[in-house]
file final_24.txt (compact mmCIF, C-alpha atoms and all ligand atoms)
# COMPACT_ATOMS: atom_id res chain seq x y z
CA MET Z 179 -16.28 -4.69 0.66
CA LYS Z 180 -15.29 -2.06 -1.94
CA ASN Z 181 -12.23 -3.24 -3.85
CA GLU Z 182 -11.48 -0.36 -6.27
CA PHE Z 183 -9.86 2.85 -5.06
CA LYS Z 184 -8.18 5.84 -6.63
CA VAL Z 185 -5.16 5.66 -4.28
CA ALA Z 186 -3.71 2.68 -2.40
CA ILE Z 187 -1.12 3.39 0.29
CA ILE Z 188 1.04 0.56 1.60
CA GLY Z 189 1.87 1.14 5.28
CA ALA Z 190 -0.10 2.83 8.09
CA GLY Z 191 2.89 4.19 9.97
CA ILE Z 192 3.05 7.94 10.56
CA VAL Z 193 4.09 8.55 6.93
CA GLY Z 194 1.33 6.51 5.22
CA SER Z 195 -1.26 7.84 7.69
CA SER Z 196 -0.15 11.44 7.11
CA ILE Z 197 -0.38 11.01 3.32
CA ALA Z 198 -3.87 9.47 3.68
CA TYR Z 199 -4.99 12.26 6.02
CA HIS Z 200 -3.71 15.03 3.75
CA LEU Z 201 -5.26 13.47 0.62
CA ALA Z 202 -8.62 13.37 2.40
CA LYS Z 203 -8.16 16.88 3.82
CA PHE Z 204 -7.61 18.14 0.26
CA GLY Z 205 -10.84 16.42 -0.85
CA GLU Z 206 -9.72 12.97 -2.04
CA SER Z 207 -11.00 10.22 0.25
CA ASP Z 208 -11.20 7.43 -2.34
CA VAL Z 209 -8.13 6.05 -0.60
CA VAL Z 210 -7.27 2.68 0.96
CA VAL Z 211 -4.35 2.09 3.33
CA PHE Z 212 -3.03 -1.47 3.75
CA GLU Z 213 -1.25 -2.26 7.00
CA LYS Z 214 0.12 -5.74 7.62
CA GLY Z 215 0.22 -5.23 11.40
CA TYR Z 216 -1.62 -2.64 13.49
CA ILE Z 217 -1.40 1.14 13.23
CA SER Z 218 1.97 2.27 14.62
CA SER Z 219 3.38 -1.28 14.75
CA GLY Z 220 6.40 -0.37 12.59
CA SER Z 221 9.27 2.01 13.33
CA THR Z 222 6.89 4.81 14.28
CA GLY Z 223 5.72 3.04 17.42
CA ARG Z 224 9.32 2.21 18.31
CA CYS Z 225 10.82 5.68 17.91
CA ALA Z 226 11.82 8.41 20.36
CA GLY Z 227 9.40 11.05 19.07
CA GLY Z 228 12.05 13.78 18.66
CA ILE Z 229 11.16 16.76 16.42
CA ARG Z 230 14.24 18.71 15.32
CA GLN Z 231 14.81 21.38 12.69
CA GLN Z 232 18.60 21.56 13.15
CA TRP Z 233 19.94 19.61 10.17
CA SER Z 234 23.02 19.90 7.98
CA SER Z 235 21.08 19.63 4.69
CA PRO Z 236 18.69 22.42 3.66
CA ASN Z 237 16.04 19.93 2.44
CA ASN Z 238 15.72 18.39 5.89
CA VAL Z 239 15.64 21.83 7.57
CA LEU Z 240 12.82 23.00 5.30
CA LEU Z 241 10.78 19.80 5.68
CA ALA Z 242 11.24 19.88 9.47
CA MET Z 243 10.33 23.59 9.69
CA ARG Z 244 7.10 22.95 7.77
CA SER Z 245 6.41 19.90 9.95
CA VAL Z 246 6.75 21.98 13.10
CA LYS Z 247 4.10 24.37 11.77
CA LEU Z 248 1.81 21.34 11.26
CA PHE Z 249 2.67 19.71 14.63
CA GLU Z 250 1.78 23.01 16.34
CA LYS Z 251 -1.85 22.65 15.25
CA MET Z 252 -2.11 18.86 15.06
CA SER Z 253 -3.74 18.23 18.47
CA GLU Z 254 -6.41 20.84 17.77
CA GLU Z 255 -6.91 19.81 14.14
CA THR Z 256 -7.27 16.08 14.87
CA GLY Z 257 -8.81 16.24 18.36
CA VAL Z 258 -6.06 13.96 19.77
CA ASP Z 259 -3.59 15.28 22.37
CA ILE Z 260 -0.29 14.12 20.84
CA GLU Z 261 1.72 15.30 23.91
CA TYR Z 262 3.53 17.85 21.78
CA LYS Z 263 6.08 19.93 23.69
CA GLN Z 264 8.38 22.60 22.26
CA GLY Z 265 11.03 22.33 24.96
CA GLY Z 266 13.87 22.80 22.45
CA TYR Z 267 16.65 20.52 21.24
CA LEU Z 268 20.14 20.86 22.68
CA VAL Z 269 22.76 19.51 20.24
CA LEU Z 270 26.15 18.87 21.91
CA SER Z 271 29.46 18.59 20.05
CA TYR Z 272 32.53 16.79 21.44
CA ASP Z 273 34.59 17.02 18.25
CA GLU Z 274 36.53 19.99 16.81
CA ASN Z 275 35.68 19.39 13.15
CA GLU Z 276 32.04 18.82 14.01
CA ALA Z 277 31.96 22.01 16.09
CA LYS Z 278 33.25 23.99 13.07
CA GLN Z 279 30.59 22.32 10.93
CA PHE Z 280 27.94 23.33 13.49
CA GLU Z 281 28.85 26.98 12.94
CA GLU Z 282 28.29 26.52 9.19
CA ASN Z 283 25.04 24.64 9.80
CA VAL Z 284 23.73 27.43 12.01
CA LYS Z 285 24.49 30.04 9.30
CA MET Z 286 22.58 27.95 6.74
CA GLN Z 287 19.68 27.27 9.16
CA ARG Z 288 19.37 30.99 10.00
CA THR Z 289 19.33 31.86 6.27
CA LEU Z 290 16.31 29.54 5.98
CA GLY Z 291 14.58 31.43 8.80
CA LEU Z 292 15.28 29.13 11.76
CA ASN Z 293 15.97 30.74 15.14
CA VAL Z 294 19.03 28.78 16.42
CA GLU Z 295 21.55 29.71 19.11
CA LEU Z 296 25.23 28.75 19.42
CA LEU Z 297 26.10 28.05 23.06
CA SER Z 298 29.45 27.65 24.84
CA PRO Z 299 29.72 24.82 27.42
CA GLN Z 300 29.44 27.46 30.17
CA GLN Z 301 26.22 28.80 28.68
CA VAL Z 302 24.86 25.25 28.49
CA LYS Z 303 25.67 24.72 32.17
CA ARG Z 304 24.03 28.00 33.19
CA ARG Z 305 20.82 27.18 31.35
CA PHE Z 306 20.63 23.40 31.93
CA GLU Z 307 22.41 22.86 35.24
CA TYR Z 308 21.71 19.07 35.27
CA VAL Z 309 23.95 18.52 32.19
CA ASN Z 310 27.58 17.46 32.73
CA VAL Z 311 29.43 19.54 30.11
CA ASN Z 312 32.82 17.76 30.45
CA GLY Z 313 34.26 17.37 26.95
CA VAL Z 314 31.57 19.54 25.30
CA LEU Z 315 33.18 22.00 22.84
CA LEU Z 316 30.10 23.73 21.49
CA ALA Z 317 26.32 23.35 21.45
CA THR Z 318 23.42 24.58 19.38
CA PHE Z 319 19.89 25.11 20.67
CA CYS Z 320 16.57 25.72 18.96
CA GLN Z 321 13.63 26.48 21.26
CA THR Z 322 10.91 25.56 18.73
CA ASP Z 323 12.26 21.99 18.41
CA GLY Z 324 10.72 19.43 20.73
CA HIS Z 325 8.99 16.08 20.88
CA ALA Z 326 5.62 14.32 20.80
CA ASN Z 327 4.18 10.87 21.49
CA PRO Z 328 4.65 8.88 18.25
CA HIS Z 329 1.75 6.42 18.86
CA LEU Z 330 -0.69 9.24 19.54
CA ALA Z 331 0.49 11.22 16.50
CA ASN Z 332 0.19 8.14 14.26
CA PHE Z 333 -3.32 7.42 15.59
CA ALA Z 334 -4.28 11.10 15.28
CA TYR Z 335 -3.61 11.04 11.53
CA ALA Z 336 -5.09 7.55 10.97
CA ARG Z 337 -8.31 8.26 12.90
CA SER Z 338 -8.78 11.64 11.25
CA ALA Z 339 -8.22 10.09 7.82
CA ARG Z 340 -10.87 7.46 8.63
CA LYS Z 341 -13.31 10.15 9.77
CA LEU Z 342 -12.82 11.87 6.39
CA GLY Z 343 -13.71 8.65 4.55
CA VAL Z 344 -10.38 6.85 4.05
CA THR Z 345 -10.42 3.05 4.40
CA ILE Z 346 -7.61 1.65 6.55
CA LEU Z 347 -7.30 -2.14 6.50
CA THR Z 348 -5.10 -3.35 9.34
CA HIS Z 349 -3.74 -6.91 9.52
CA THR Z 350 -3.78 -6.87 5.71
CA ALA Z 351 -0.46 -7.49 3.98
CA VAL Z 352 0.18 -6.59 0.37
CA LEU Z 353 1.78 -9.73 -1.03
CA GLY Z 354 2.24 -8.77 -4.69
CA ILE Z 355 1.39 -6.04 -7.20
CA GLU Z 356 0.42 -6.47 -10.87
CA VAL Z 357 1.03 -3.50 -13.15
CA GLY Z 358 -1.77 -3.01 -15.71
CA THR Z 359 -2.15 -0.30 -18.36
CA SER Z 360 -4.18 2.07 -16.20
CA TRP Z 361 -4.62 0.11 -12.94
CA PHE Z 362 -2.48 -1.61 -10.35
CA ILE Z 363 -3.84 -4.87 -8.94
CA LEU Z 364 -2.76 -5.42 -5.35
CA HIS Z 365 -2.84 -8.99 -4.07
CA THR Z 366 -3.39 -9.04 -0.33
CA ASP Z 367 -4.27 -11.67 2.24
CA ARG Z 368 -7.84 -10.21 2.06
CA GLY Z 369 -8.09 -10.65 -1.70
CA LYS Z 370 -7.46 -8.44 -4.75
CA PHE Z 371 -7.81 -4.65 -4.88
CA LYS Z 372 -7.52 -2.26 -7.83
CA ALA Z 373 -5.99 1.21 -7.58
CA LYS Z 374 -4.98 3.88 -10.10
CA ILE Z 375 -2.18 5.20 -7.88
CA VAL Z 376 0.03 3.30 -5.43
CA VAL Z 377 2.14 4.88 -2.68
CA ASN Z 378 4.98 2.92 -1.10
CA ALA Z 379 5.08 4.05 2.56
CA ALA Z 380 6.17 0.63 3.82
CA GLY Z 381 9.04 1.88 6.01
CA ASP Z 382 11.50 -0.91 6.72
CA TYR Z 383 9.87 -3.07 4.02
CA SER Z 384 9.90 -0.39 1.30
CA GLY Z 385 12.63 -2.19 -0.67
CA GLN Z 386 10.50 -5.37 -0.79
CA VAL Z 387 7.42 -3.40 -1.87
CA ALA Z 388 9.38 -1.67 -4.69
CA ALA Z 389 10.62 -5.09 -5.82
CA MET Z 390 6.95 -6.21 -6.20
CA VAL Z 391 6.73 -3.89 -9.24
CA GLY Z 392 10.26 -4.69 -10.45
CA LEU Z 393 11.91 -1.53 -9.09
CA ASN Z 394 15.18 -1.42 -7.23
CA LEU Z 395 15.18 1.13 -4.39
CA PRO Z 396 18.54 2.08 -2.84
CA VAL Z 397 17.36 1.60 0.75
CA GLU Z 398 18.44 -0.72 3.56
CA SER Z 399 17.07 -1.15 7.08
CA TYR Z 400 19.34 -1.11 10.14
CA ARG Z 401 18.35 -2.08 13.68
CA HIS Z 402 18.34 0.66 16.33
CA GLN Z 403 17.75 -0.12 20.01
CA ILE Z 404 16.11 2.19 22.51
CA LEU Z 405 15.24 2.04 26.21
CA VAL Z 406 13.12 3.79 28.79
CA THR Z 407 13.47 4.40 32.56
CA GLU Z 408 10.94 4.52 35.35
CA PRO Z 409 9.14 7.90 35.64
CA VAL Z 410 10.19 10.79 37.90
CA LYS Z 411 8.89 14.33 38.33
CA ASN Z 412 9.11 16.27 35.08
CA PHE Z 413 12.08 18.67 35.00
CA VAL Z 414 14.00 18.21 31.71
CA ASP Z 415 12.51 20.35 28.95
CA PRO Z 416 14.79 19.92 25.92
CA MET Z 417 15.70 16.78 24.03
CA LEU Z 418 19.49 16.28 24.16
CA ILE Z 419 21.39 14.81 21.24
CA SER Z 420 24.99 14.41 20.13
CA PHE Z 421 26.27 12.97 16.85
CA SER Z 422 29.93 12.83 17.99
CA GLY Z 423 28.83 11.59 21.44
CA ASN Z 424 26.36 9.17 19.77
CA PHE Z 425 23.25 9.53 21.96
CA TYR Z 426 19.84 11.12 22.31
CA VAL Z 427 17.61 11.41 25.38
CA ARG Z 428 14.40 13.14 26.41
CA GLN Z 429 11.85 13.07 29.22
CA THR Z 430 8.30 12.10 28.27
CA LYS Z 431 5.15 13.84 29.50
CA HIS Z 432 4.76 11.02 32.06
CA GLY Z 433 8.27 11.52 33.45
CA GLN Z 434 10.14 8.58 31.90
CA PHE Z 435 13.48 9.10 30.14
CA ILE Z 436 13.66 7.57 26.66
CA MET Z 437 17.09 7.24 25.04
CA GLY Z 438 19.16 5.56 22.37
CA GLN Z 439 22.45 5.41 20.51
CA GLY Z 440 23.58 4.08 17.11
CA ASP Z 441 25.88 1.10 16.51
CA LYS Z 442 28.33 1.49 13.63
CA ASP Z 443 28.91 -2.30 13.56
CA GLU Z 444 25.22 -3.05 12.92
CA ARG Z 445 24.63 -4.86 9.62
CA ALA Z 446 21.75 -4.15 7.23
CA GLY Z 447 18.71 -6.37 7.77
CA LEU Z 448 15.68 -6.81 9.98
CA ASN Z 449 16.51 -7.87 13.52
CA TYR Z 450 14.14 -7.22 16.42
CA ASN Z 451 16.38 -8.65 19.18
CA VAL Z 452 17.93 -6.50 21.90
CA THR Z 453 21.35 -6.79 23.56
CA PHE Z 454 22.60 -6.36 27.13
CA LYS Z 455 25.70 -4.59 25.71
CA PHE Z 456 23.48 -1.76 24.42
CA GLU Z 457 21.84 -1.37 27.82
CA LYS Z 458 25.15 -1.33 29.68
CA ASP Z 459 27.00 1.04 27.29
CA LEU Z 460 24.14 3.51 27.08
CA ALA Z 461 23.43 3.46 30.82
CA LEU Z 462 27.09 4.28 31.55
CA LYS Z 463 27.12 7.09 29.00
CA MET Z 464 23.86 8.57 30.31
CA CYS Z 465 25.00 8.46 33.94
CA ARG Z 466 28.04 10.53 32.93
CA LEU Z 467 25.99 13.04 30.93
CA LEU Z 468 23.08 13.34 33.38
CA PRO Z 469 24.37 12.25 36.82
CA PHE Z 470 20.83 12.16 38.33
CA MET Z 471 20.21 9.14 36.06
CA ARG Z 472 22.27 6.93 38.42
CA LYS Z 473 19.21 6.58 40.66
CA LEU Z 474 16.83 5.51 37.88
CA ARG Z 475 15.93 1.98 36.85
CA ILE Z 476 15.49 0.82 33.27
CA VAL Z 477 11.99 -0.55 32.76
CA ARG Z 478 11.82 -1.43 29.06
CA HIS Z 479 14.13 -1.91 26.07
CA TRP Z 480 13.14 -2.65 22.47
CA SER Z 481 14.38 -2.29 18.90
CA GLY Z 482 13.19 -0.87 15.59
CA HIS Z 483 14.89 0.09 12.33
CA TYR Z 484 16.10 3.07 10.38
CA ASN Z 485 15.24 2.66 6.69
CA MET Z 486 18.37 4.28 5.23
CA SER Z 487 18.92 5.91 1.84
CA PRO Z 488 22.55 6.49 0.68
CA ASP Z 489 22.49 10.17 1.75
CA ALA Z 490 20.31 9.79 4.89
CA GLN Z 491 17.64 11.99 3.31
CA PRO Z 492 14.19 10.64 2.38
CA ILE Z 493 13.27 9.48 -1.12
CA LEU Z 494 10.05 11.24 -2.12
CA GLY Z 495 7.97 11.53 -5.26
CA GLU Z 496 6.89 9.56 -8.30
CA SER Z 497 8.92 6.75 -9.84
CA LEU Z 498 10.55 7.80 -13.10
CA GLN Z 499 10.12 4.29 -14.55
CA LEU Z 500 6.56 3.63 -13.39
CA THR Z 501 3.87 6.31 -13.70
CA ASN Z 502 1.52 6.63 -10.72
CA PHE Z 503 3.84 4.71 -8.39
CA TYR Z 504 4.99 7.02 -5.57
CA TYR Z 505 7.56 6.69 -2.76
CA ALA Z 506 7.88 8.15 0.73
CA VAL Z 507 10.73 6.04 2.11
CA GLY Z 508 14.34 6.07 3.37
CA PHE Z 509 13.72 8.32 6.39
CA SER Z 510 16.75 7.26 8.43
CA GLY Z 511 16.18 8.46 12.04
CA HIS Z 512 13.87 11.33 11.14
CA GLY Z 513 10.68 10.01 9.55
CA PHE Z 514 8.48 10.77 12.53
CA MET Z 515 9.35 14.45 12.59
CA LEU Z 516 9.18 14.89 8.80
CA ALA Z 517 5.89 13.00 8.36
CA PRO Z 518 3.48 15.97 8.56
CA ALA Z 519 5.26 17.95 5.82
CA VAL Z 520 5.92 14.82 3.75
CA GLY Z 521 2.26 13.73 3.92
CA GLU Z 522 1.15 17.19 2.86
CA ALA Z 523 3.71 17.38 0.03
CA LEU Z 524 2.94 13.89 -1.35
CA ALA Z 525 -0.80 14.61 -1.27
CA GLU Z 526 -0.25 17.90 -3.12
CA LYS Z 527 1.98 16.20 -5.70
CA ILE Z 528 -0.51 13.37 -6.29
CA LEU Z 529 -3.59 15.59 -6.53
CA PHE Z 530 -2.27 18.83 -8.05
CA GLY Z 531 0.96 17.71 -9.78
CA ARG Z 532 3.12 20.07 -7.70
CA THR Z 533 3.80 20.94 -4.08
CA LYS Z 534 2.74 24.22 -2.49
CA HIS Z 535 4.75 24.42 0.73
CA VAL Z 536 8.02 22.49 0.35
CA ASP Z 537 9.75 21.67 -2.94
CA ILE Z 538 10.58 17.94 -2.85
CA SER Z 539 11.80 17.63 -6.46
CA SER Z 540 15.47 17.27 -5.42
CA LEU Z 541 14.53 14.31 -3.18
CA ASN Z 542 13.45 12.07 -6.05
CA VAL Z 543 15.14 8.69 -6.45
CA ASP Z 544 17.07 9.80 -9.57
CA ARG Z 545 19.30 12.02 -7.41
CA PHE Z 546 21.58 9.04 -6.69
CA GLU Z 547 22.73 9.07 -10.32
CA LYS Z 548 24.37 12.43 -9.51
CA LEU Z 549 26.39 13.64 -6.53
CA THR Z 550 24.24 14.09 -3.42
CA VAL Z 551 24.90 15.86 -0.13
CA LYS Z 552 24.91 13.48 2.82
CA GLU Z 553 22.96 14.48 5.92
CA MET Z 554 25.48 14.45 8.81
CA ASN Z 555 23.25 15.19 11.81
CA VAL Z 556 22.16 11.61 12.47
CA VAL Z 557 22.68 9.29 15.48
C1 LIG S 601 14.95 3.50 17.94
C2 LIG S 601 14.43 4.54 16.96
C3 LIG S 601 14.37 5.87 17.33
C4 LIG S 601 13.90 6.83 16.43
N1 LIG S 601 13.77 8.12 16.85
C5 LIG S 601 13.22 9.05 16.01
C6 LIG S 601 12.99 10.38 16.45
O1 LIG S 601 13.28 10.75 17.59
N2 LIG S 601 12.43 11.25 15.56
C7 LIG S 601 12.10 10.88 14.29
O2 LIG S 601 11.62 11.72 13.53
N3 LIG S 601 12.30 9.61 13.86
C8 LIG S 601 12.84 8.69 14.68
N4 LIG S 601 13.04 7.41 14.24
C9 LIG S 601 12.75 7.09 12.85
C10 LIG S 601 11.25 6.91 12.66
O3 LIG S 601 10.77 5.94 13.56
C11 LIG S 601 10.94 6.46 11.23
O4 LIG S 601 11.67 7.22 10.29
C12 LIG S 601 9.45 6.65 10.95
O5 LIG S 601 8.68 6.03 11.96
C13 LIG S 601 9.09 6.05 9.59
O6 LIG S 601 7.69 6.03 9.47
P1 LIG S 601 7.02 5.16 8.34
O7 LIG S 601 5.57 5.40 8.42
O8 LIG S 601 7.74 5.41 7.06
O9 LIG S 601 7.42 3.66 8.73
P2 LIG S 601 6.71 2.64 9.73
O10 LIG S 601 6.25 3.27 10.97
O11 LIG S 601 7.66 1.48 9.86
O12 LIG S 601 5.42 2.20 8.95
C14 LIG S 601 5.48 1.38 7.79
C15 LIG S 601 4.34 0.39 7.90
O13 LIG S 601 4.25 -0.35 6.69
C16 LIG S 601 3.76 -1.63 7.02
N5 LIG S 601 4.06 -2.53 5.90
C17 LIG S 601 5.28 -2.86 5.43
N6 LIG S 601 5.17 -3.72 4.39
C18 LIG S 601 3.84 -3.93 4.19
C19 LIG S 601 3.09 -4.71 3.28
N7 LIG S 601 3.69 -5.47 2.33
N8 LIG S 601 1.74 -4.70 3.37
C20 LIG S 601 1.10 -3.94 4.32
N9 LIG S 601 1.78 -3.19 5.22
C21 LIG S 601 3.12 -3.17 5.15
C22 LIG S 601 4.51 -1.97 8.30
O14 LIG S 601 3.84 -2.96 9.04
C23 LIG S 601 4.56 -0.62 9.02
O15 LIG S 601 3.53 -0.47 9.98
C24 LIG S 601 13.50 6.43 15.12
C25 LIG S 601 13.55 5.09 14.76
C26 LIG S 601 14.00 4.14 15.67
C27 LIG S 601 14.02 2.70 15.27
call {"tool": "encode", "arguments": {"input": "final_24.txt", "output": "structure tokens"}}
result
Amino acid sequence: MKNEFKVAIIGAGIVGSSIAYHLAKFGESDVVVFEKGYISSGSTGRCAGGIRQQWSSPNNVLLAMRSVKLFEKMSEETGVDIEYKQGGYLVLSYDENEAKQFEENVKMQRTLGLNVELLSPQQVKRRFEYVNVNGVLLATFCQTDGHANPHLANFAYARSARKLGVTILTHTAVLGIEVGTSWFILHTDRGKFKAKIVVNAAGDYSGQVAAMVGLNLPVESYRHQILVTEPVKNFVDPMLISFSGNFYVRQTKHGQFIMGQGDKDERAGLNYNVTFKFEKDLALKMCRLLPFMRKLRIVRHWSGHYNMSPDAQPILGESLQLTNFYYAVGFSGHGFMLAPAVGEALAEKILFGRTKHVDISSLNVDRFEKLTVKEMNVV
């Protein structure tokens, strides 16, 4: 087996697979991706698949807007139906301060070219009659937001990257990295590999991977639980989310409802257990919000993690201390939706030294030495 590559990517989640795909699309297929599990075994395969451009920080809006452009052609470009649906995202506010902030967010989002509406509770009820609007103060809605199937999207990028010549080694963990003068040597459980460039796309394990080369990344992983109901006829188009109400929910192509909420008492660390408390609290909340839910049974419940940076925005770009060592980490609850634009931007940065579509320079790791703007629109 070949054991020297120009680029080695650690992690075949949606982010690592998107970077690999875009490198190959731009002509560089001397790329190896190491994945310690199977493709989509990390947070990607555990996520809700929401794709939203309505953020409070301009960086996230711009990355998400570019991603939507790429999601729109992804099924055709890769030949895999990723179950992409632009049914919109309805963002509900139950808090006065948050509602005022929403008005500011919408102004900023419109300045960046996003078509977003502000809706009163009555307008929400008229348009989405199945939603209980009790307590809702204001909502925002963007029709071009939506959702896709995260497994299929992850496989779409990974398979297309392979077709273009990229090597993806699953069940192959990177155990250590030696830093040479012009090469990195990656020690894996399949032996040693040399690479000129290394990309850390290790999701929840990105802190451990950075530590392999002596770098300290300000990221921590937090468990998030999620559950799914039995399927019913498809009738809910938008994904619903609330930061003050602490929930998100959407209906999949096959009719199931997938939903989750955050837990402010969760401690940093990897924990794949699930709790009955989560199931009970979320089921009660959902039955109030969407009364038809009372008739549905829960069929599955699992957990994954948000890899969090201090400002809930991703850390992207090249390490300032270590040349040719790149990051695409710290995605909080939005790495699935940002992955197309991030993969494209990282590939452009690695191959051409600068990005063409979205400027990611302000998302480098050195930003934490200055004041940063925290992303507020997170569950
Ligand atoms: C419950 C839940 C709901 C979510 N909902 C959404 C949503 O609606 N929309 C959205 O955009 N995002 C959502 N997210 C966040 C999203 O899942 C992540 O941000 C995204 O999947 C990150 O992708 P990734 O490729 O960076 O990480 P991952 O998918 O975790 O991939 C990283 C890969 O690296 C591998 N790896 C790690 N260390 C090593 C090593 N040493 N050697 C080899 N391989 C290694 C892992 O096995 C893993 O497969 C949600 C997350 C959770 C948990």
call {"tool": "residues_around", "arguments": {"input": "final_24.txt", "residues": "Leu494 (chain Z)", "least_positions_apart": "4", "cutoff": "9 Å", "atoms": "all atoms listed in the file", "output": "number ranges by chain"}}
result
Z: 504-508, 520, 524, 538-543
call {"tool": "closest_residue", "arguments": {"input": "final_24.txt", "among": "Z:Gly324, Z:Gly495, Z:Gly381, Z:Gly358", "to": "ligand LIG 601 (chain S)", "atoms": "only C-alpha atoms and all ligand atoms"}}
result
Z:Gly381
call {"tool": "closest_atom_pairs", "arguments": {"input": "final_24.txt", "of": "chain Z", "to": "ligand LIG 601 (chain S)", "cutoff": "7 Å", "atoms": "only C-alpha atoms and all ligand atoms", "output": "Markdown table"}}
result
| residue | atom | partner | partner_atom | distance |
| --- | --- | --- | --- | --- |
| Z:Ile188 | CA | S:LIG601 | C20 | 5.3 |
| Z:Gly189 | CA | S:LIG601 | O13 | 3.1 |
| Z:Ala190 | CA | S:LIG601 | C15 | 5.1 |
| Z:Gly191 | CA | S:LIG601 | O7 | 3.3 |
| Z:Ile192 | CA | S:LIG601 | O7 | 4.2 |
| Z:Val193 | CA | S:LIG601 | O7 | 3.8 |
| Z:Gly194 | CA | S:LIG601 | O7 | 5.4 |
| Z:Phe212 | CA | S:LIG601 | C20 | 4.8 |
| Z:Glu213 | CA | S:LIG601 | N9 | 3.6 |
| Z:Lys214 | CA | S:LIG601 | N9 | 3.9 |
| Z:Gly215 | CA | S:LIG601 | O14 | 4.9 |
| Z:Tyr216 | CA | S:LIG601 | O15 | 6.6 |
| Z:Ile217 | CA | S:LIG601 | O15 | 6.1 |
| Z:Ser218 | CA | S:LIG601 | O15 | 5.6 |
| Z:Ser219 | CA | S:LIG601 | O15 | 4.8 |
| Z:Gly220 | CA | S:LIG601 | O11 | 3.5 |
| Z:Ser221 | CA | S:LIG601 | O11 | 3.9 |
| Z:Thr222 | CA | S:LIG601 | O5 | 3.2 |
| Z:Gly223 | CA | S:LIG601 | O10 | 6.5 |
| Z:Arg224 | CA | S:LIG601 | C27 | 5.6 |
| Z:Cys225 | CA | S:LIG601 | C3 | 3.6 |
| Z:Ala226 | CA | S:LIG601 | O1 | 3.9 |
| Z:Gly227 | CA | S:LIG601 | O1 | 4.2 |
| Z:Gly228 | CA | S:LIG601 | O1 | 3.4 |
| Z:Ile229 | CA | S:LIG601 | N2 | 5.7 |
| Z:Thr350 | CA | S:LIG601 | C20 | 5.9 |
| Z:Ala351 | CA | S:LIG601 | N8 | 3.6 |
| Z:Val352 | CA | S:LIG601 | N8 | 3.9 |
| Z:Leu353 | CA | S:LIG601 | N7 | 5.8 |
| Z:Ala379 | CA | S:LIG601 | O8 | 5.4 |
| Z:Ala380 | CA | S:LIG601 | O13 | 3.6 |
| Z:Gly381 | CA | S:LIG601 | O9 | 3.6 |
| Z:Asp382 | CA | S:LIG601 | O11 | 5.5 |
| Z:Tyr383 | CA | S:LIG601 | N6 | 4.8 |
| Z:Ser384 | CA | S:LIG601 | N6 | 6.6 |
| Z:Val387 | CA | S:LIG601 | N7 | 6.0 |
| Z:Arg401 | CA | S:LIG601 | C27 | 6.6 |
| Z:His402 | CA | S:LIG601 | C1 | 4.7 |
| Z:Gln403 | CA | S:LIG601 | C1 | 5.0 |
| Z:Ile404 | CA | S:LIG601 | C1 | 4.9 |
| Z:Gly438 | CA | S:LIG601 | C1 | 6.4 |
| Z:Ser481 | CA | S:LIG601 | C1 | 5.9 |
| Z:Gly482 | CA | S:LIG601 | C27 | 3.7 |
| Z:His483 | CA | S:LIG601 | C27 | 4.0 |
| Z:Tyr484 | CA | S:LIG601 | C27 | 5.3 |
| Z:Asn485 | CA | S:LIG601 | O4 | 6.8 |
| Z:Ala506 | CA | S:LIG601 | O8 | 6.9 |
| Z:Val507 | CA | S:LIG601 | O8 | 5.8 |
| Z:Phe509 | CA | S:LIG601 | O4 | 4.5 |
| Z:Ser510 | CA | S:LIG601 | O4 | 5.4 |
| Z:Gly511 | CA | S:LIG601 | C9 | 3.8 |
| Z:His512 | CA | S:LIG601 | O2 | 3.3 |
| Z:Gly513 | CA | S:LIG601 | O4 | 3.1 |
| Z:Phe514 | CA | S:LIG601 | O2 | 3.4 |
| Z:Met515 | CA | S:LIG601 | O2 | 3.7 |
| Z:Leu516 | CA | S:LIG601 | O2 | 6.2 |
call {"tool": "closest_atom_pairs", "arguments": {"input": "final_24.txt", "of": "region 398-494 of chain Z", "to": "region 296-312 of chain Z", "cutoff": "7 Å", "atoms": "all atoms listed in the file", "output": "Markdown table"}}
result
| residue | atom | partner | partner_atom | distance |
| --- | --- | --- | --- | --- |
| Z:Arg466 | CA | Z:Asn310 | CA | 6.9 |
| Z:Leu467 | CA | Z:Asn310 | CA | 5.0 |
| Z:Leu468 | CA | Z:Val309 | CA | 5.4 |
call {"tool": "atom_distance", "arguments": {"input": "final_24.txt", "atom1": "CA of Gly433 (chain Z)", "atom2": "CA of Gln264 (chain Z)"}}
result
15.7 Å
call {"tool": "closest_residue", "arguments": {"input": "final_24.txt", "among": "Z:Glu255, Z:Arg475, Z:Asn451, Z:Asn555", "to": "Ser338 (chain Z)", "atoms": "only C-alpha atoms"}}
result
Z:Glu255
call {"tool": "atom_distance", "arguments": {"input": "final_24.txt", "atom1": "CA of Glu356 (chain Z)", "atom2": "CA of Val377 (chain Z)"}}
result
14.1 Å
call {"tool": "closest_atom_pairs", "arguments": {"input": "final_24.txt", "of": "region 354-442 of chain Z", "to": "region 545-553 of chain Z", "cutoff": "12 Å", "atoms": "only C-alpha atoms", "output": "Markdown table"}}
result
| residue | atom | partner | partner_atom | distance |
| --- | --- | --- | --- | --- |
| Z:Leu395 | CA | Z:Phe546 | CA | 10.4 |
| Z:Pro396 | CA | Z:Phe546 | CA | 8.5 |
| Z:Val397 | CA | Z:Phe546 | CA | 11.3 |
| Z:Phe421 | CA | Z:Glu553 | CA | 11.5 |
call {"tool": "atom_distance", "arguments": {"input": "final_24.txt", "atom1": "CA of Leu474 (chain Z)", "atom2": "CA of Asp459 (chain Z)"}}
result
15.3 Å
call {"tool": "residues_around", "arguments": {"input": "final_24.txt", "residues": "Glu457 (chain Z)", "least_positions_apart": "5", "cutoff": "9 Å", "atoms": "only C-alpha atoms", "output": "ChimeraX atom specification"}}
result
/Z:403-405,452,462,476,479
